[in-house]
$ cat final_19.txt   # compact mmCIF, C-alpha atoms
# COMPACT_ATOMS: atom_id res chain seq x y z
CA MET A 1 -24.23 8.77 43.56
CA THR A 2 -23.34 10.35 40.23
CA MET A 3 -21.87 8.11 37.54
CA LEU A 4 -19.38 9.67 35.20
CA VAL A 5 -19.81 8.49 31.62
CA ARG A 6 -16.82 8.84 29.32
CA GLN A 7 -17.99 10.45 26.11
CA PRO A 8 -16.45 9.21 22.87
CA ARG A 9 -13.83 11.54 21.45
CA ILE A 10 -15.17 13.56 18.55
CA ARG A 11 -13.44 12.55 15.32
CA TYR A 12 -13.01 15.21 12.68
CA SER A 13 -12.05 14.39 9.12
CA PRO A 14 -8.82 15.76 7.64
CA ALA A 15 -10.89 18.50 5.99
CA HIS A 16 -11.67 20.01 9.42
CA PRO A 17 -9.23 22.51 11.00
CA GLU A 18 -8.92 20.14 13.97
CA GLY A 19 -9.17 17.01 11.87
CA ILE A 20 -7.06 13.87 11.98
CA ARG A 21 -4.07 14.27 9.66
CA ARG A 22 -3.17 10.58 9.38
CA VAL A 23 -5.08 8.53 6.78
CA GLN A 24 -5.10 4.75 6.60
CA VAL A 25 -6.20 3.38 3.22
CA GLY A 26 -7.82 -0.03 2.72
CA CYS A 27 -8.16 -0.72 6.45
CA GLY A 28 -10.95 -3.30 6.10
CA PRO A 29 -13.24 -4.08 9.05
CA TYR A 30 -10.59 -5.30 11.51
CA HIS A 31 -7.63 -2.89 11.37
CA ILE A 32 -9.26 0.25 12.72
CA ARG A 33 -6.76 2.67 14.28
CA ILE A 34 -8.05 5.25 16.73
CA ASP A 35 -5.47 7.91 15.86
CA TRP A 36 -5.94 7.55 12.13
CA TRP A 37 -8.72 8.43 9.68
CA ASN A 38 -9.65 4.92 8.54
CA THR A 39 -10.83 4.52 4.95
CA ASP A 40 -11.79 1.70 2.63
CA LEU A 41 -13.60 1.32 -0.68
CA ARG A 42 -16.41 -0.54 1.09
CA HIS A 43 -18.69 0.73 3.86
CA PHE A 44 -17.39 -1.50 6.63
CA PRO A 45 -18.68 -0.95 10.18
CA ASN A 46 -16.63 1.53 12.25
CA ILE A 47 -14.55 2.93 9.39
CA ASP A 48 -14.47 6.71 9.14
CA GLU A 49 -15.02 7.09 5.42
CA ALA A 50 -15.66 5.01 2.32
CA MET A 51 -13.62 6.30 -0.61
CA ASP A 52 -12.02 5.19 -3.84
CA ALA A 53 -8.36 5.93 -3.17
CA THR A 54 -7.59 6.06 -6.90
CA ARG A 55 -9.90 9.07 -7.36
CA PRO A 56 -9.17 12.68 -6.23
CA TRP A 57 -8.91 13.01 -2.46
CA PRO A 58 -10.69 15.93 -0.70
CA TRP A 59 -7.71 16.97 1.47
CA PRO A 60 -5.00 18.58 -0.69
CA ASP A 61 -1.77 19.50 1.13
CA ARG A 62 -3.17 18.60 4.55
CA LEU A 63 -1.99 15.16 5.64
CA GLU A 64 0.90 14.22 7.88
CA PHE A 65 0.94 10.51 7.01
CA VAL A 66 -0.68 8.06 4.61
CA TYR A 67 -0.46 4.35 5.40
CA ALA A 68 -1.63 1.32 3.41
CA GLU A 69 -0.87 -2.26 4.42
CA HIS A 70 -1.27 -4.95 1.76
CA PHE A 71 -3.37 -2.66 -0.39
CA LEU A 72 -1.21 -1.73 -3.37
CA GLU A 73 -1.16 -5.29 -4.77
CA HIS A 74 -4.96 -5.23 -5.09
CA LEU A 75 -4.80 -2.45 -7.69
CA ASP A 76 -4.02 -2.69 -11.38
CA ILE A 77 -0.71 -0.98 -12.04
CA ASP A 78 -2.35 2.11 -13.61
CA GLN A 79 -4.64 2.38 -10.56
CA ALA A 80 -1.58 2.16 -8.32
CA VAL A 81 -0.12 5.20 -10.10
CA ASP A 82 -3.40 7.06 -9.53
CA PHE A 83 -3.42 6.13 -5.84
CA LEU A 84 0.17 7.23 -5.30
CA ARG A 85 -0.48 10.52 -7.08
CA GLU A 86 -3.60 11.31 -5.02
CA ALA A 87 -1.91 10.34 -1.75
CA GLY A 88 1.09 12.51 -2.60
CA LEU A 89 -1.05 15.52 -3.47
CA SER A 90 -2.86 15.16 -0.15
CA LEU A 91 0.33 15.12 1.92
CA ARG A 92 1.74 18.39 3.21
CA VAL A 93 5.36 19.08 2.31
CA GLY A 94 7.38 16.83 4.60
CA GLY A 95 4.49 14.40 5.04
CA ARG A 96 5.24 10.73 4.49
CA ILE A 97 3.62 7.69 2.92
CA ARG A 98 4.30 4.16 4.17
CA LEU A 99 3.30 1.08 2.21
CA SER A 100 3.67 -2.65 2.74
CA THR A 101 3.11 -5.08 -0.12
CA PRO A 102 4.12 -8.68 -0.89
CA SER A 103 7.61 -9.16 -2.29
CA VAL A 104 7.60 -10.87 -5.67
CA GLU A 105 11.20 -11.95 -5.05
CA TRP A 106 10.17 -13.76 -1.85
CA VAL A 107 7.24 -15.42 -3.66
CA LEU A 108 9.54 -16.75 -6.37
CA LYS A 109 12.17 -17.94 -3.89
CA THR A 110 9.71 -19.73 -1.61
CA HIS A 111 6.97 -21.06 -3.88
CA PHE A 112 8.79 -22.91 -6.66
CA SER A 113 11.89 -25.08 -6.32
CA PHE A 114 12.29 -26.19 -9.96
CA GLN A 115 12.01 -29.87 -9.10
CA PRO A 116 11.65 -32.39 -11.97
CA ALA A 117 8.21 -32.49 -13.54
CA ASP A 118 7.46 -35.88 -12.01
CA ALA A 119 8.49 -34.83 -8.49
CA PRO A 120 5.64 -34.99 -5.95
CA GLN A 121 5.85 -31.29 -5.10
CA HIS A 122 5.99 -30.04 -8.70
CA LEU A 123 2.20 -29.82 -9.16
CA GLN A 124 1.63 -28.41 -5.69
CA GLU A 125 4.25 -25.71 -6.13
CA THR A 126 2.79 -24.75 -9.51
CA LEU A 127 -0.59 -24.21 -7.86
CA GLN A 128 0.96 -22.32 -4.94
CA ILE A 129 2.83 -19.82 -7.08
CA ASN A 130 -0.30 -19.09 -9.10
CA ARG A 131 -2.25 -18.65 -5.87
CA ALA A 132 0.34 -16.12 -4.71
CA PHE A 133 -0.15 -14.09 -7.87
CA TYR A 134 -3.91 -14.37 -8.29
CA GLY A 135 -5.31 -15.28 -4.89
CA TRP A 136 -6.88 -12.85 -2.41
CA GLY A 137 -7.70 -10.38 -5.18
CA HIS A 138 -4.07 -9.68 -6.06
CA ARG A 139 -3.58 -7.70 -9.28
CA PHE A 140 0.15 -6.94 -9.30
CA LEU A 141 3.13 -8.01 -7.20
CA TYR A 142 6.14 -5.72 -6.88
CA SER A 143 9.87 -6.18 -6.93
CA ARG A 144 12.02 -3.90 -4.79
CA GLY A 145 13.40 -2.04 -7.77
CA MET A 146 10.05 -1.45 -9.41
CA LEU A 147 8.41 -0.24 -6.22
CA GLU A 148 11.24 2.21 -5.56
CA ARG A 149 11.23 3.50 -9.12
CA LEU A 150 7.46 3.92 -9.10
CA LEU A 151 7.42 6.12 -5.99
CA GLN A 152 10.28 8.21 -7.26
CA ALA A 153 8.63 8.62 -10.67
CA VAL A 154 5.42 9.91 -9.06
CA GLY A 155 7.51 12.52 -7.25
CA TYR A 156 8.21 11.16 -3.76
CA GLU A 157 11.53 12.03 -2.20
CA ASP A 158 13.64 10.32 0.48
CA VAL A 159 12.35 6.93 -0.70
CA ARG A 160 13.62 4.22 1.65
CA PHE A 161 12.88 0.64 2.68
CA PHE A 162 12.38 -0.50 6.27
CA GLY A 163 12.05 -3.75 8.14
CA TYR A 164 8.77 -5.08 9.47
CA GLY A 165 7.39 -2.60 12.02
CA GLU A 166 10.50 -0.41 11.82
CA SER A 167 10.76 3.28 10.95
CA ASP A 168 12.85 6.25 11.97
CA THR A 169 9.75 8.47 11.82
CA PRO A 170 7.72 8.64 15.06
CA GLY A 171 4.19 7.56 14.24
CA LEU A 172 5.15 5.17 11.44
CA SER A 173 6.79 2.39 13.45
CA GLY A 174 4.96 -0.67 14.77
CA LEU A 175 2.11 -0.37 12.29
CA GLU A 176 2.25 -3.67 10.43
CA LEU A 177 -0.31 -6.31 11.38
CA HIS A 178 -0.26 -8.50 8.28
CA GLY A 179 2.21 -11.35 8.00
CA THR A 180 5.65 -11.30 9.60
CA GLY A 181 9.16 -10.11 8.99
CA ARG A 182 10.23 -13.43 7.42
CA SER A 183 12.95 -13.35 4.80
CA VAL A 184 14.64 -15.84 2.46
CA GLU A 185 18.12 -15.22 1.03
CA GLY A 186 17.82 -11.57 1.98
CA TYR A 187 14.37 -11.09 0.45
CA PRO A 188 11.62 -10.17 2.95
CA SER A 189 8.10 -11.56 2.56
CA GLN A 190 6.90 -8.01 2.07
CA TRP A 191 8.46 -4.78 0.96
CA ILE A 192 7.89 -1.89 3.34
CA ILE A 193 8.68 1.44 1.77
CA GLU A 194 8.36 5.08 2.77
CA GLY A 195 8.57 8.28 0.80
CA ALA A 196 8.10 11.96 1.52
CA ARG A 197 6.46 14.82 -0.29
CA GLY A 198 9.11 17.40 -1.02
CA ALA A 199 9.89 20.02 -3.63
CA THR A 200 9.49 17.56 -6.53
CA PRO A 201 6.05 17.96 -8.14
CA ILE A 202 3.68 15.05 -7.57
CA GLY A 203 2.19 13.77 -10.81
CA THR A 204 1.65 10.97 -13.27
CA PRO A 205 4.90 9.66 -14.81
CA ALA A 206 3.95 9.66 -18.50
CA ASP A 207 6.91 7.59 -19.67
CA LEU A 208 6.44 4.91 -17.03
CA ARG A 209 2.70 4.81 -17.58
CA ALA A 210 3.29 4.35 -21.30
CA LEU A 211 5.64 1.48 -20.51
CA PHE A 212 3.00 -0.19 -18.30
CA GLU A 213 0.41 0.25 -21.03
CA ARG A 214 2.64 -1.16 -23.76
CA GLU A 215 4.21 -4.06 -21.87
CA LEU A 216 1.33 -5.15 -19.62
CA LEU A 217 -2.06 -3.48 -19.70
CA THR A 218 -2.67 -3.84 -23.45
CA HIS A 219 -2.08 -7.57 -23.16
CA VAL A 220 -4.19 -7.95 -20.02
CA ARG A 221 -7.15 -6.15 -21.57
CA ALA A 222 -6.85 -8.22 -24.74
CA GLY A 223 -7.54 -11.30 -22.66
CA HIS A 224 -10.81 -9.99 -21.23
$ encode --input "final_19.txt" --output "structure tokens"
Amino acid sequence: MTMLVRQPRIRYSPAHPEGIRRVQVGCGPYHIRIDWWNTDLRHFPNIDEAMDATRPWPWPDRLEFVYAEHFLEHLDIDQAVDFLREAGLSLRVGGRIRLSTPSVEWVLKTHFSFQPADAPQHLQETLQINRAFYGWGHRFLYSRGMLERLLQAVGYEDVRFFGYGESDTPGLSGLELHGTGRSVEGYPSQWIIEGARGATPIGTPADLRALFERELLTHVRAGH
């Protein structure tokens, strides 16, 4: 009796003519997606490629989708600009990026209630809000307005927000695995945003980067 053995499907990188055109960034060891090219900074088992997503990507104008779930907040704001630029340059015209990242509005609404200083929860809430900002390797938490402005400044078009797991683009719905769709007073626990590469050139927004440098990065570096 002959036993048929199913051979694993050959996976080609986006650089290959038959390569996967969907790249997941910062997947970690547990969120491997079979229809995506799974990348992370570290050489985790089963990922497709270890890469620094803030450095030039080797697939210009080739990708259909870029997806990163709870990744952006782990970058310094200048690194986030670099990541968004490189992702945008790697998308084909019409290709889309989808990001999910914690909502700073939700953190503020849920972690601190402005109770009197002697209230039992005052100390605990103070610790919790600092944990939200600095725990788990967080470097920067985004408001809705800042996130939208940042994508537009880099050159993304059709920038829109979606609910947890929702999208009107086939292939970008049902992706989120981290957290839930909880909201407080209209603020979701995470912002989920999409943008497309269009006719607008993708690049580094000099004015916004100068603002980040003047209002944040200079002060952060001074404390090192």
$ closest_residue --input "final_19.txt" --among "A:His70, A:His16, A:Arg182, A:Arg214" --to "Ser100 in chain A" --atoms "only C-alpha atoms"
A:His70
$ atom_distance --input "final_19.txt" --atom1 "CA of Asp61 in chain A" --atom2 "CA of Leu84 in chain A"
14.0 Å
$ closest_residue --input "final_19.txt" --among "A:Ile10, A:Leu72, A:Val66, A:Val23" --to "Arg98 in chain A" --atoms "only C-alpha atoms"
A:Val66
$ atom_distance --input "final_19.txt" --atom1 "CA of Pro201 in chain A" --atom2 "CA of Arg62 in chain A"
15.7 Å
$ closest_atom_pairs --input "final_19.txt" --of "range 78-98 of chain A" --to "range 150-162 of chain A" --cutoff "8 Å" --atoms "all atoms listed in the file" --output "JSON lines"
{"residue": "A:Val81", "atom": "CA", "partner": "A:Val154", "partner_atom": "CA", "distance": 7.3}
{"residue": "A:Leu84", "atom": "CA", "partner": "A:Val154", "partner_atom": "CA", "distance": 7.0}
{"residue": "A:Arg85", "atom": "CA", "partner": "A:Val154", "partner_atom": "CA", "distance": 6.3}
{"residue": "A:Gly88", "atom": "CA", "partner": "A:Tyr156", "partner_atom": "CA", "distance": 7.3}
